[in-house]
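Asker: The structure under discussion is supplied below as structure tokens; questions concerning it will follow.
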There are 2 protein chains.
Amino acid sequence: MGLERLLAERTRGMGVNAIREILKVVSQPGMISLAGGIPAAESFPMDILKELTCRVIDRYGSSALQYGRTEGFAPLQEALVGYLAEKGIHTEADDILISSGSQGVLDAVGKVLISRGDRVAVEAPTYLGAISAFNPYEPEYVRMDTDDDGLLPESLESILRSGEVKFVYLAPNFQNPTGRTIPRARRQAVARILQTHDALLIEDDPYGALRYRGSDLPPIKTLAPDHVVYVSTLSKTFAPGLRIGFCVAPEPILQWLVVVKQGIDLHTSTFNQALAAEYLTGGYLERQLPKILDLYRPRQEAMLEALERYFPPGFRWSRPDGGMFLWVEGPEGMDMEAVYREAVRRKTAYVPGKFFFTETGEGSHTLRLNYTMADEATLYRAVKILGKVMDEACGYSRLPRLTTASSV
Amino acid sequence: MGLERLLAERTRGMGVNAIREILKVVSQPGMISLAGGIPAAESFPMDILKELTCRVIDRYGSSALQYGRTEGFAPLQEALVGYLAEKGIHTEADDILISSGSQGVLDAVGKVLISRGDRVAVEAPTYLGAISAFNPYEPEYVRMDTDDDGLLPESLESILRSGEVKFVYLAPNFQNPTGRTIPRARRQAVARILQTHDALLIEDDPYGALRYRGSDLPPIKTLAPDHVVYVSTLSKTFAPGLRIGFCVAPEPILQWLVVVKQGIDLHTSTFNQALAAEYLTGGYLERQLPKILDLYRPRQEAMLEALERYFPPGFRWSRPDGGMFLWVEGPEGMDMEAVYREAVRRKTAYVPGKFFFTETGEGSHTLRLNYTMADEATLYRAVKILGKVMDEACGYSRLPRLTTASSV
């Protein structure tokens with residue numbers, strides 16, 4: 001058999017998924033995983049699921065099980081109009097496309113916009129799922145600089161000046177992997193730059209609703225509405241297993257997203273869209289969201305406290321006001337993939353940060369920690385173990401400048 | 001705004017969806033649509049939906065709402081092993097990929113296998129949804145000849161001799177749009193040809209379970225297991241709105257389907273997969289399927305009887321043992337897209353057959369009729385109207401050879 005000869009060129013270029021490989025150990029018994037990017041099971045509204053199902057059956061009958069429009073189930077599109085208005089995004093039901101998770105939008109965006117070799121601007125580091133959505137369309141990534149407050153707008157500007165990019169991809173709220181949030185002034189600067197260069201932004205906002213402190217910031221969509229595809233999801237505030245994402249896009253882009261989505265999956269599950277519509281309109285989200293925040297806030301605080309207590313000098317980490325992740329930077333030159341193996345031996349897992357960079361060689365000394373999947377005591381214990389592993393890794397390092405850096 | 005300049009080359013090539021345009025009228029009030037390709041709402045097991053939801057909650061708890069493996073929800077993969085064994089396909093859970101409708105497999109197949117300009121062999125006519133899944137990857141279609149028994153194997157053989165095709169796409173059971181089924185001897189011939197040329201078949205089987213008469217035929221997958229991706233769905237036997245499809249693929253292809261699916265939608269709805277697992281293992285499908293067959297069988301018979309009674313001479317149509325469609329051929333030279341406009345004026349819609357051909361100019365005198373969406377009396381009335389419209393179209397035609405043909 002030689003079926004491999006039939007693979008498309010794009011497939012040959014894909015290679016094995018390295019992160020998938022290294023994370024296989026995470027499901028070993030006894031492992032404490034800070035590697036996941038997933039919500040706590042306790043955050044799901046299990047108690048109302050039967051009630052929601054009954055509402056769907058009573059209200060929509062068999063139409064909830066039937067084929068539906070590619071654009072989305074109309075009652076959900078309408079419910080999202082109100083949901084989005086609270087974020088300052090004023091739109092009509094027809095401008096909203098419902099997708100199979102926000103991943104579904106990212107794939108469709110890639111399909112509609114990227115020809116091989118086209119430039120796509122991404123943060124360094126950036127969300128891995130976006131890269132795996134865009135990669136099959138074979139773009140060239142242009143790396144935008146960031147600091148602790150996320151994207152540096154001047155970096156975007158200089159990239160747009162240097163030539164056309166098909167789109168800019170940003171996650172301005174509690175970014176995955178860093179937890180960073182782009183401040184208001186930078187959002188305004190980004191909006192102006194997009195308008196000046198007539199450029200398109202894919203604004204990915206899966207975590208915006210998970211704010212534990214401080215006030216919401218305006219989506220860039222509200223500042224440059226004609227230049228932004230705003231993407232979000234109910235995966236973090238309802239349930240990821242329902243795969244309900246959505247976007248609000250300028251008309252010239254939206255119509256093509258609909259055309260390609262028809263070829264991808266015809267439409268997103270009608271039944272799940274109906275559940276989501278009832279979740280939003282029945283006041284369930286309003287009641288569930290505070291419970292979710294009360295679950296995650298102390299977990300984040302526990303992790304921050306444990307990092308302070310147990311991590312050796314020379315390390316720094318983000319202190320986000322929301323989301324699901326902390327970003328840790330060790331001393332320059334440290335190899336967090338090598339340290340990962342020792343951490344896993346001691347039954348604690350994280351994601352080495354290098355996987356979130358599009359350019360090899362970057363981020364070796366960084367790692368991502370998730371705090372939504374374990375309770376405070378477990379998180380505390382896990383960070384204590386990691387602190388010890390990091391301490392030893394610094395001490396054992398044969399690079400003298402590391403030893404110095406670790407005591408800064 | 002000039003965002004259109006950002007479209008990928010593949011998108012520029014897509015053009016408007018002509019069939020989408022002409023079918024817009026179908027939802028007008030009072031219209032009898034024989035144009036749809038969708039199951040009757042009465043075929044859905046509405047009465048057990050609450051019960052199924054309770055089973056899912058009791059059995060799987062919060063894991064039914066959580067992110068899941070890209071490959072599929074293990075209990076559904078396991079349930080499908082037994083389901084497939086009844087069709088003669090002996091496989092393991094790990095060889096099954098669950099997809100978002102069978103459309104999800106077709107898109108992933110295109111992504112994994114087709115580079116621009118690659119040859120893909122399709123029947124003439126073929127399933128429109130497959131074409132819209134493959135088109136964005138920019139294949140060249142090679143047209144295989146068919147007769148009333150579907151694919152002519154010698155046509156496939158001569159195509160494979162003439163050069164490599166990335167894959168062959170066939171729907172051997174009650175094909176959409178023709179309703180045709182490929183007989184056993186031809187399936188054996190196709191299997192031999194695939195093996196001889198080490199070629200890959202995508203065997204699409206959405207309708208195989210909808211058999212009203214006669215005996216099941218073996219899937220080609222059972223005759224050439226290493227050369228076939230078998231694709232099917234629960235859309236016609238459970239509910240299309242849940243978007244549950246699946247495939248069984250040879251290992252070298254399956255692993256890549258999983259990799260690209262991760263970028264497309266991470267995974268198919270866990271909740272819906274859990275519902276499907278319970279539907280299969282709880283004996284619900286076994287009880288529902290006879291009801292579905294008893295619903296559709298008399299509808300098909302009514303349509304066949306009405307065609308016999310009301311359609312003018314010079315017309316012929318398929319008499320399939322199952323599925324959802326009949327294929328009607330009018331006299332050569334007749335333009336069923338023109339006739340469509342008159343039919344719609346009289347509140348009856350169908351799909352002009354030309355849309356199912358990859359080469360322009362073919363199939364102008366053909367049309368597809370669906371019989372699952374209306375009751376027998378309505379179908380009878382609709383076919384009577386269409387018969388009159390066809391009769392007039394033949395009579396009014398200014399092409400003398402048409403008048404002759406119509407009285408054959």
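How things are named: the first chain in the structure tokens is A, the next is B, and so on; residues count from 1 in each chain; ligands count from 1 in the order shown.
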Skip stretch 285-294 of chain A itself and residues of its chain fewer than 3 positions away, then list as an NGL selection string all residues within 9 Å of it, counting only C-alpha atoms.
Answerer: :A and (40 or 42-45 or 209-212 or 236-238 or 279-282 or 297-298 or 322)
Asker: Set out as CSV a contact list for stretch 121-153 of chain A and stretch 337-356 of chain A with a cut-off of 9 Å, giving each residue of stretch 121-153 of chain A that qualifies its closest atom pair and distance in Å to one decimal, counting only C-alpha atoms, ordered by chain and rising residue number.
Answerer:
```
residue,atom,partner,partner_atom,distance
A:Ala124,CA,A:Phe356,CA,7.4
A:Pro125,CA,A:Phe356,CA,5.0
A:Thr126,CA,A:Phe356,CA,5.4
A:Tyr127,CA,A:Phe356,CA,6.3
A:Leu128,CA,A:Phe356,CA,5.7
A:Ile131,CA,A:Phe356,CA,8.9
```
Asker: Go ahead and save the picked residues with C-alpha atoms, as a CSV table (one decimal), in the first residue's frame.
Answerer:
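Written output follows (selection_31.csv):
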```
chain,number,residue,atom,x,y,z
A,124,ALA,CA,4.6,36.3,19.8
A,125,PRO,CA,3.5,34.2,21.6
A,126,THR,CA,0.1,33.5,20.1
A,127,TYR,CA,-2.8,31.0,20.4
A,128,LEU,CA,-1.9,27.5,19.1
A,131,ILE,CA,-2.0,28.4,14.1
```
Asker: Identify, on the basis of only C-alpha atoms, every residue whose closest approach to B:Thr270 does not exceed 9 Å; exclude the query and any residue fewer than 5 positions from it along the same chain; express the result as a VMD selection string.
Answerer: (chain A and resid 240 to 243) or (chain B and resid 63 to 69 72 to 73 275)
Asker: Please dump the current selection as a PDB file, in the first residue's frame; keep N, CA and C atoms.
Answerer:
```
ATOM      1  N   PRO A 240     -18.062  23.721  26.598  1.00  0.00           N
ATOM      2  CA  PRO A 240     -17.284  23.555  25.366  1.00  0.00           C
ATOM      3  C   PRO A 240     -17.759  22.368  24.525  1.00  0.00           C
ATOM      4  N   GLY A 241     -18.313  21.346  25.196  1.00  0.00           N
ATOM      5  CA  GLY A 241     -18.757  20.149  24.477  1.00  0.00           C
ATOM      6  C   GLY A 241     -19.916  20.399  23.535  1.00  0.00           C
ATOM      7  N   LEU A 242     -20.536  21.579  23.616  1.00  0.00           N
ATOM      8  CA  LEU A 242     -21.627  21.899  22.686  1.00  0.00           C
ATOM      9  C   LEU A 242     -21.094  22.517  21.397  1.00  0.00           C
ATOM     10  N   ARG A 243     -19.823  22.959  21.420  1.00  0.00           N
ATOM     11  CA  ARG A 243     -19.182  23.536  20.234  1.00  0.00           C
ATOM     12  C   ARG A 243     -20.009  24.677  19.638  1.00  0.00           C
TER      13      ARG A 243
ATOM     14  N   SER B  63     -18.813  15.032  31.703  1.00  0.00           N
ATOM     15  CA  SER B  63     -17.917  14.769  30.564  1.00  0.00           C
ATOM     16  C   SER B  63     -18.654  14.914  29.226  1.00  0.00           C
ATOM     17  N   ALA B  64     -19.987  14.857  29.258  1.00  0.00           N
ATOM     18  CA  ALA B  64     -20.762  15.061  28.024  1.00  0.00           C
ATOM     19  C   ALA B  64     -20.759  16.521  27.588  1.00  0.00           C
ATOM     20  N   LEU B  65     -20.371  17.419  28.489  1.00  0.00           N
ATOM     21  CA  LEU B  65     -20.331  18.847  28.142  1.00  0.00           C
ATOM     22  C   LEU B  65     -18.896  19.357  27.991  1.00  0.00           C
ATOM     23  N   GLN B  66     -17.923  18.494  28.218  1.00  0.00           N
ATOM     24  CA  GLN B  66     -16.514  18.904  28.222  1.00  0.00           C
ATOM     25  C   GLN B  66     -15.907  18.781  26.817  1.00  0.00           C
ATOM     26  N   TYR B  67     -14.777  19.449  26.620  1.00  0.00           N
ATOM     27  CA  TYR B  67     -13.984  19.189  25.427  1.00  0.00           C
ATOM     28  C   TYR B  67     -13.717  17.691  25.326  1.00  0.00           C
ATOM     29  N   GLY B  68     -13.526  17.198  24.118  1.00  0.00           N
ATOM     30  CA  GLY B  68     -13.283  15.775  23.934  1.00  0.00           C
ATOM     31  C   GLY B  68     -12.156  15.520  22.951  1.00  0.00           C
ATOM     32  N   ARG B  69     -11.880  14.253  22.711  1.00  0.00           N
ATOM     33  CA  ARG B  69     -10.843  13.871  21.757  1.00  0.00           C
ATOM     34  C   ARG B  69     -11.293  14.216  20.336  1.00  0.00           C
ATOM     35  N   GLY B  72     -13.101  11.327  18.431  1.00  0.00           N
ATOM     36  CA  GLY B  72     -14.501  11.053  18.718  1.00  0.00           C
ATOM     37  C   GLY B  72     -14.692  10.634  20.167  1.00  0.00           C
ATOM     38  N   PHE B  73     -15.953  10.655  20.625  1.00  0.00           N
ATOM     39  CA  PHE B  73     -16.340  10.260  21.975  1.00  0.00           C
ATOM     40  C   PHE B  73     -16.291   8.729  22.007  1.00  0.00           C
ATOM     41  N   LEU B 275     -25.497  11.565  22.953  1.00  0.00           N
ATOM     42  CA  LEU B 275     -26.882  11.241  22.585  1.00  0.00           C
ATOM     43  C   LEU B 275     -26.895  10.123  21.543  1.00  0.00           C
TER      44      LEU B 275
END
```
Asker: Specify as an NGL selection string all residues of chain B found within 7 Å of chain A, counting only C-alpha atoms.
Answerer: :B and (1 or 3-4 or 6-9 or 11 or 41 or 46 or 50 or 53-54 or 62 or 64-67 or 100-101 or 103-104 or 107 or 112-115 or 129 or 132-133 or 166 or 198 or 239-243 or 252 or 263-266 or 269-271)
Asker: Write the residues of the selection above to a file with C-alpha atoms, as a PDB file, in the first residue's frame.
Answerer:
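The resulting file, result36.pdb, is reproduced below:
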```
ATOM      1  CA  MET B   1     -13.432  49.799   2.055  1.00  0.00           C
ATOM      2  CA  LEU B   3     -11.658  44.180   1.980  1.00  0.00           C
ATOM      3  CA  GLU B   4     -12.542  42.100  -1.105  1.00  0.00           C
ATOM      4  CA  LEU B   6      -7.982  40.302   0.763  1.00  0.00           C
ATOM      5  CA  LEU B   7      -9.854  37.222  -0.498  1.00  0.00           C
ATOM      6  CA  ALA B   8      -7.791  34.115  -1.207  1.00  0.00           C
ATOM      7  CA  GLU B   9      -7.444  32.951  -4.810  1.00  0.00           C
ATOM      8  CA  THR B  11     -12.412  32.260  -2.824  1.00  0.00           C
ATOM      9  CA  ALA B  41     -39.681  16.066  10.773  1.00  0.00           C
ATOM     10  CA  MET B  46     -38.978  13.515  19.465  1.00  0.00           C
ATOM     11  CA  LYS B  50     -35.853  13.892  27.051  1.00  0.00           C
ATOM     12  CA  THR B  53     -30.854  13.472  27.583  1.00  0.00           C
ATOM     13  CA  CYS B  54     -31.439  11.925  31.034  1.00  0.00           C
ATOM     14  CA  SER B  62     -20.204  16.563  33.021  1.00  0.00           C
ATOM     15  CA  ALA B  64     -20.762  15.061  28.024  1.00  0.00           C
ATOM     16  CA  LEU B  65     -20.331  18.847  28.142  1.00  0.00           C
ATOM     17  CA  GLN B  66     -16.514  18.904  28.222  1.00  0.00           C
ATOM     18  CA  TYR B  67     -13.984  19.189  25.427  1.00  0.00           C
ATOM     19  CA  SER B 100     -19.594  17.046  12.161  1.00  0.00           C
ATOM     20  CA  GLY B 101     -22.015  15.472   9.699  1.00  0.00           C
ATOM     21  CA  GLN B 103     -19.936  16.836   5.268  1.00  0.00           C
ATOM     22  CA  GLY B 104     -17.181  17.098   7.882  1.00  0.00           C
ATOM     23  CA  ASP B 107     -14.158  18.598   3.802  1.00  0.00           C
ATOM     24  CA  VAL B 112      -5.825  16.062   3.389  1.00  0.00           C
ATOM     25  CA  LEU B 113      -5.676  14.872  -0.216  1.00  0.00           C
ATOM     26  CA  ILE B 114      -6.309  17.571  -2.813  1.00  0.00           C
ATOM     27  CA  SER B 115      -3.618  19.931  -4.072  1.00  0.00           C
ATOM     28  CA  GLY B 129     -22.413  18.705  -1.183  1.00  0.00           C
ATOM     29  CA  SER B 132     -18.868  22.113  -2.420  1.00  0.00           C
ATOM     30  CA  ALA B 133     -16.596  20.338   0.097  1.00  0.00           C
ATOM     31  CA  LYS B 166      -6.308  11.508  -5.802  1.00  0.00           C
ATOM     32  CA  ASP B 198      -3.801   1.009  -5.628  1.00  0.00           C
ATOM     33  CA  ALA B 239     -31.603  13.597  13.378  1.00  0.00           C
ATOM     34  CA  PRO B 240     -29.622  15.810  10.966  1.00  0.00           C
ATOM     35  CA  GLY B 241     -29.663  18.749  13.407  1.00  0.00           C
ATOM     36  CA  LEU B 242     -27.244  16.858  15.669  1.00  0.00           C
ATOM     37  CA  ARG B 243     -24.577  16.804  12.897  1.00  0.00           C
ATOM     38  CA  PRO B 252      -2.370   6.236   6.599  1.00  0.00           C
ATOM     39  CA  GLY B 263      -7.708  22.591  13.105  1.00  0.00           C
ATOM     40  CA  ILE B 264     -11.235  22.640  11.654  1.00  0.00           C
ATOM     41  CA  ASP B 265     -13.396  22.303  14.786  1.00  0.00           C
ATOM     42  CA  LEU B 266     -11.271  20.606  17.523  1.00  0.00           C
ATOM     43  CA  SER B 269     -20.100  18.082  19.854  1.00  0.00           C
ATOM     44  CA  THR B 270     -19.493  15.741  22.799  1.00  0.00           C
ATOM     45  CA  PHE B 271     -23.107  16.072  23.963  1.00  0.00           C
TER      46      PHE B 271
END
```
Asker: Pick out the closest residue to B:Cys247 from this set: B:Val383, B:Val26, B:Leu80, B:Leu97. Count only C-alpha atoms.
Answerer: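 Nearest to B:Cys247: B:Leu97.
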Asker: Using DSSP on the backbone coordinates, identify all residues within stretch 93-170 of chain A classified as strand (DSSP E); present the result as a PyMOL selection string.
Answerer: chain A and resi 96-100+119-123+140-144+146-147+150-151+167-170
Asker: Nearest residue to B:Glu203 out of B:Pro312, B:Pro172, B:Pro183, B:Gly117, using only C-alpha atoms?
Answerer: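 Looking at the shortest contact to B:Glu203, the residue is B:Pro172.
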Asker: If we count only C-alpha atoms and set the cut-off at 8 Å, which residues sit around stretch 206-208 of chain A, ignoring sequence neighbours fewer than 6 positions away in its own chain? Please answer as a PDB file with C-alpha atoms, in the first residue's frame.
Answerer:
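Output below, filename part_24.pdb:
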```pdb
ATOM      1  CA  SER A 102     -14.633  29.573  17.624  1.00  0.00           C
ATOM      2  CA  ASN A 173      -8.462  39.815  26.598  1.00  0.00           C
ATOM      3  CA  PHE A 174      -6.523  37.459  28.902  1.00  0.00           C
ATOM      4  CA  GLN A 175      -4.680  36.065  25.919  1.00  0.00           C
ATOM      5  CA  ASP A 216     -14.247  45.462  30.907  1.00  0.00           C
ATOM      6  CA  VAL A 231     -14.873  36.005  17.274  1.00  0.00           C
ATOM      7  CA  SER A 232     -16.136  34.515  20.498  1.00  0.00           C
ATOM      8  CA  THR A 233     -17.619  31.369  22.009  1.00  0.00           C
ATOM      9  CA  LEU A 234     -19.881  29.992  24.718  1.00  0.00           C
ATOM     10  CA  SER A 235     -17.289  27.303  25.528  1.00  0.00           C
ATOM     11  CA  LYS A 236     -16.083  29.046  28.683  1.00  0.00           C
ATOM     12  CA  GLY A 322      -9.110  37.151  34.295  1.00  0.00           C
ATOM     13  CA  GLY A 323      -8.967  34.213  31.925  1.00  0.00           C
ATOM     14  CA  MET A 324      -7.503  30.772  32.462  1.00  0.00           C
TER      15      MET A 324
END
```
Asker: Could you write out, as a ChimeraX atom specification, all the residues of stretch 186-350 of chain A that DSSP marks as alpha helix (DSSP H)?
Answerer: /A:186-197,220-223,251-265,270-281,284-310,336-345
Asker: Next, dump the selected residues to file, keeping only C-alpha atoms, as a JSON list (two decimals), in the first residue's frame.
Answerer:
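Listed below is the output, part-v6.json:
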```
[["chain", "number", "residue", "atom", "x", "y", "z"],
["A", 186, "ARG", "CA", -3.35, 50.51, 22.72],
["A", 187, "ARG", "CA", -6.73, 49.28, 21.49],
["A", 188, "GLN", "CA", -7.46, 52.78, 20.21],
["A", 189, "ALA", "CA", -4.06, 52.88, 18.54],
["A", 190, "VAL", "CA", -4.66, 49.48, 16.91],
["A", 191, "ALA", "CA", -8.07, 50.61, 15.64],
["A", 192, "ARG", "CA", -6.54, 53.74, 14.08],
["A", 193, "ILE", "CA", -3.76, 51.73, 12.46],
["A", 194, "LEU", "CA", -6.25, 49.24, 10.99],
["A", 195, "GLN", "CA", -8.31, 52.08, 9.54],
["A", 196, "THR", "CA", -5.29, 53.93, 8.17],
["A", 197, "HIS", "CA", -4.04, 50.85, 6.37],
["A", 220, "ILE", "CA", -11.45, 46.66, 19.13],
["A", 221, "LYS", "CA", -14.53, 45.78, 17.04],
["A", 222, "THR", "CA", -16.32, 48.72, 18.69],
["A", 223, "LEU", "CA", -13.49, 51.08, 17.72],
["A", 251, "GLU", "CA", -20.40, 42.06, 5.08],
["A", 252, "PRO", "CA", -17.79, 41.49, 2.33],
["A", 253, "ILE", "CA", -16.11, 38.86, 4.55],
["A", 254, "LEU", "CA", -19.23, 37.39, 6.19],
["A", 255, "GLN", "CA", -20.85, 36.27, 2.95],
["A", 256, "TRP", "CA", -17.77, 34.23, 2.04],
["A", 257, "LEU", "CA", -17.49, 32.74, 5.52],
["A", 258, "VAL", "CA", -21.05, 31.45, 5.01],
["A", 259, "VAL", "CA", -20.24, 30.01, 1.57],
["A", 260, "VAL", "CA", -17.22, 28.09, 2.83],
["A", 261, "LYS", "CA", -18.92, 26.98, 6.04],
["A", 262, "GLN", "CA", -21.59, 25.30, 3.91],
["A", 263, "GLY", "CA", -18.85, 23.13, 2.39],
["A", 264, "ILE", "CA", -17.21, 22.50, 5.77],
["A", 265, "ASP", "CA", -20.15, 21.24, 7.86],
["A", 270, "THR", "CA", -29.28, 23.04, 15.49],
["A", 271, "PHE", "CA", -30.04, 21.33, 18.79],
["A", 272, "ASN", "CA", -27.01, 22.84, 20.51],
["A", 273, "GLN", "CA", -27.76, 26.26, 19.03],
["A", 274, "ALA", "CA", -31.28, 25.98, 20.44],
["A", 275, "LEU", "CA", -29.88, 25.04, 23.87],
["A", 276, "ALA", "CA", -27.57, 28.06, 23.67],
["A", 277, "ALA", "CA", -30.44, 30.36, 22.66],
["A", 278, "GLU", "CA", -32.43, 29.24, 25.71],
["A", 279, "TYR", "CA", -29.36, 29.54, 27.94],
["A", 280, "LEU", "CA", -28.98, 33.18, 26.92],
["A", 281, "THR", "CA", -32.63, 34.25, 26.78],
["A", 284, "TYR", "CA", -29.32, 31.06, 32.82],
["A", 285, "LEU", "CA", -26.02, 32.63, 31.75],
["A", 286, "GLU", "CA", -26.66, 35.57, 34.08],
["A", 287, "ARG", "CA", -27.01, 33.16, 37.00],
["A", 288, "GLN", "CA", -24.17, 30.83, 35.97],
["A", 289, "LEU", "CA", -21.43, 33.35, 35.18],
["A", 290, "PRO", "CA", -21.00, 34.62, 38.80],
["A", 291, "LYS", "CA", -20.68, 31.00, 39.94],
["A", 292, "ILE", "CA", -17.96, 30.40, 37.35],
["A", 293, "LEU", "CA", -16.09, 33.54, 38.42],
["A", 294, "ASP", "CA", -16.37, 32.55, 42.09],
["A", 295, "LEU", "CA", -14.91, 29.17, 41.18],
["A", 296, "TYR", "CA", -11.93, 30.45, 39.20],
["A", 297, "ARG", "CA", -10.99, 33.64, 41.13],
["A", 298, "PRO", "CA", -9.67, 31.84, 44.25],
["A", 299, "ARG", "CA", -7.91, 29.28, 42.06],
["A", 300, "GLN", "CA", -6.03, 32.03, 40.29],
["A", 301, "GLU", "CA", -5.21, 33.68, 43.62],
["A", 302, "ALA", "CA", -3.95, 30.39, 45.05],
["A", 303, "MET", "CA", -1.67, 29.87, 42.08],
["A", 304, "LEU", "CA", -0.30, 33.42, 42.25],
["A", 305, "GLU", "CA", 0.34, 33.03, 45.98],
["A", 306, "ALA", "CA", 2.06, 29.69, 45.50],
["A", 307, "LEU", "CA", 4.26, 31.07, 42.72],
["A", 308, "GLU", "CA", 5.31, 33.92, 45.01],
["A", 309, "ARG", "CA", 6.12, 31.47, 47.75],
["A", 310, "TYR", "CA", 7.74, 28.58, 45.92],
["A", 336, "MET", "CA", 11.50, 24.49, 29.79],
["A", 337, "GLU", "CA", 10.98, 21.50, 27.50],
["A", 338, "ALA", "CA", 13.87, 19.71, 29.24],
["A", 339, "VAL", "CA", 12.52, 20.73, 32.66],
["A", 340, "TYR", "CA", 9.10, 19.45, 31.59],
["A", 341, "ARG", "CA", 10.41, 15.88, 31.57],
["A", 342, "GLU", "CA", 11.54, 16.17, 35.18],
["A", 343, "ALA", "CA", 8.26, 17.85, 36.19],
["A", 344, "VAL", "CA", 6.29, 15.01, 34.61],
["A", 345, "ARG", "CA", 8.44, 12.48, 36.48]]
```
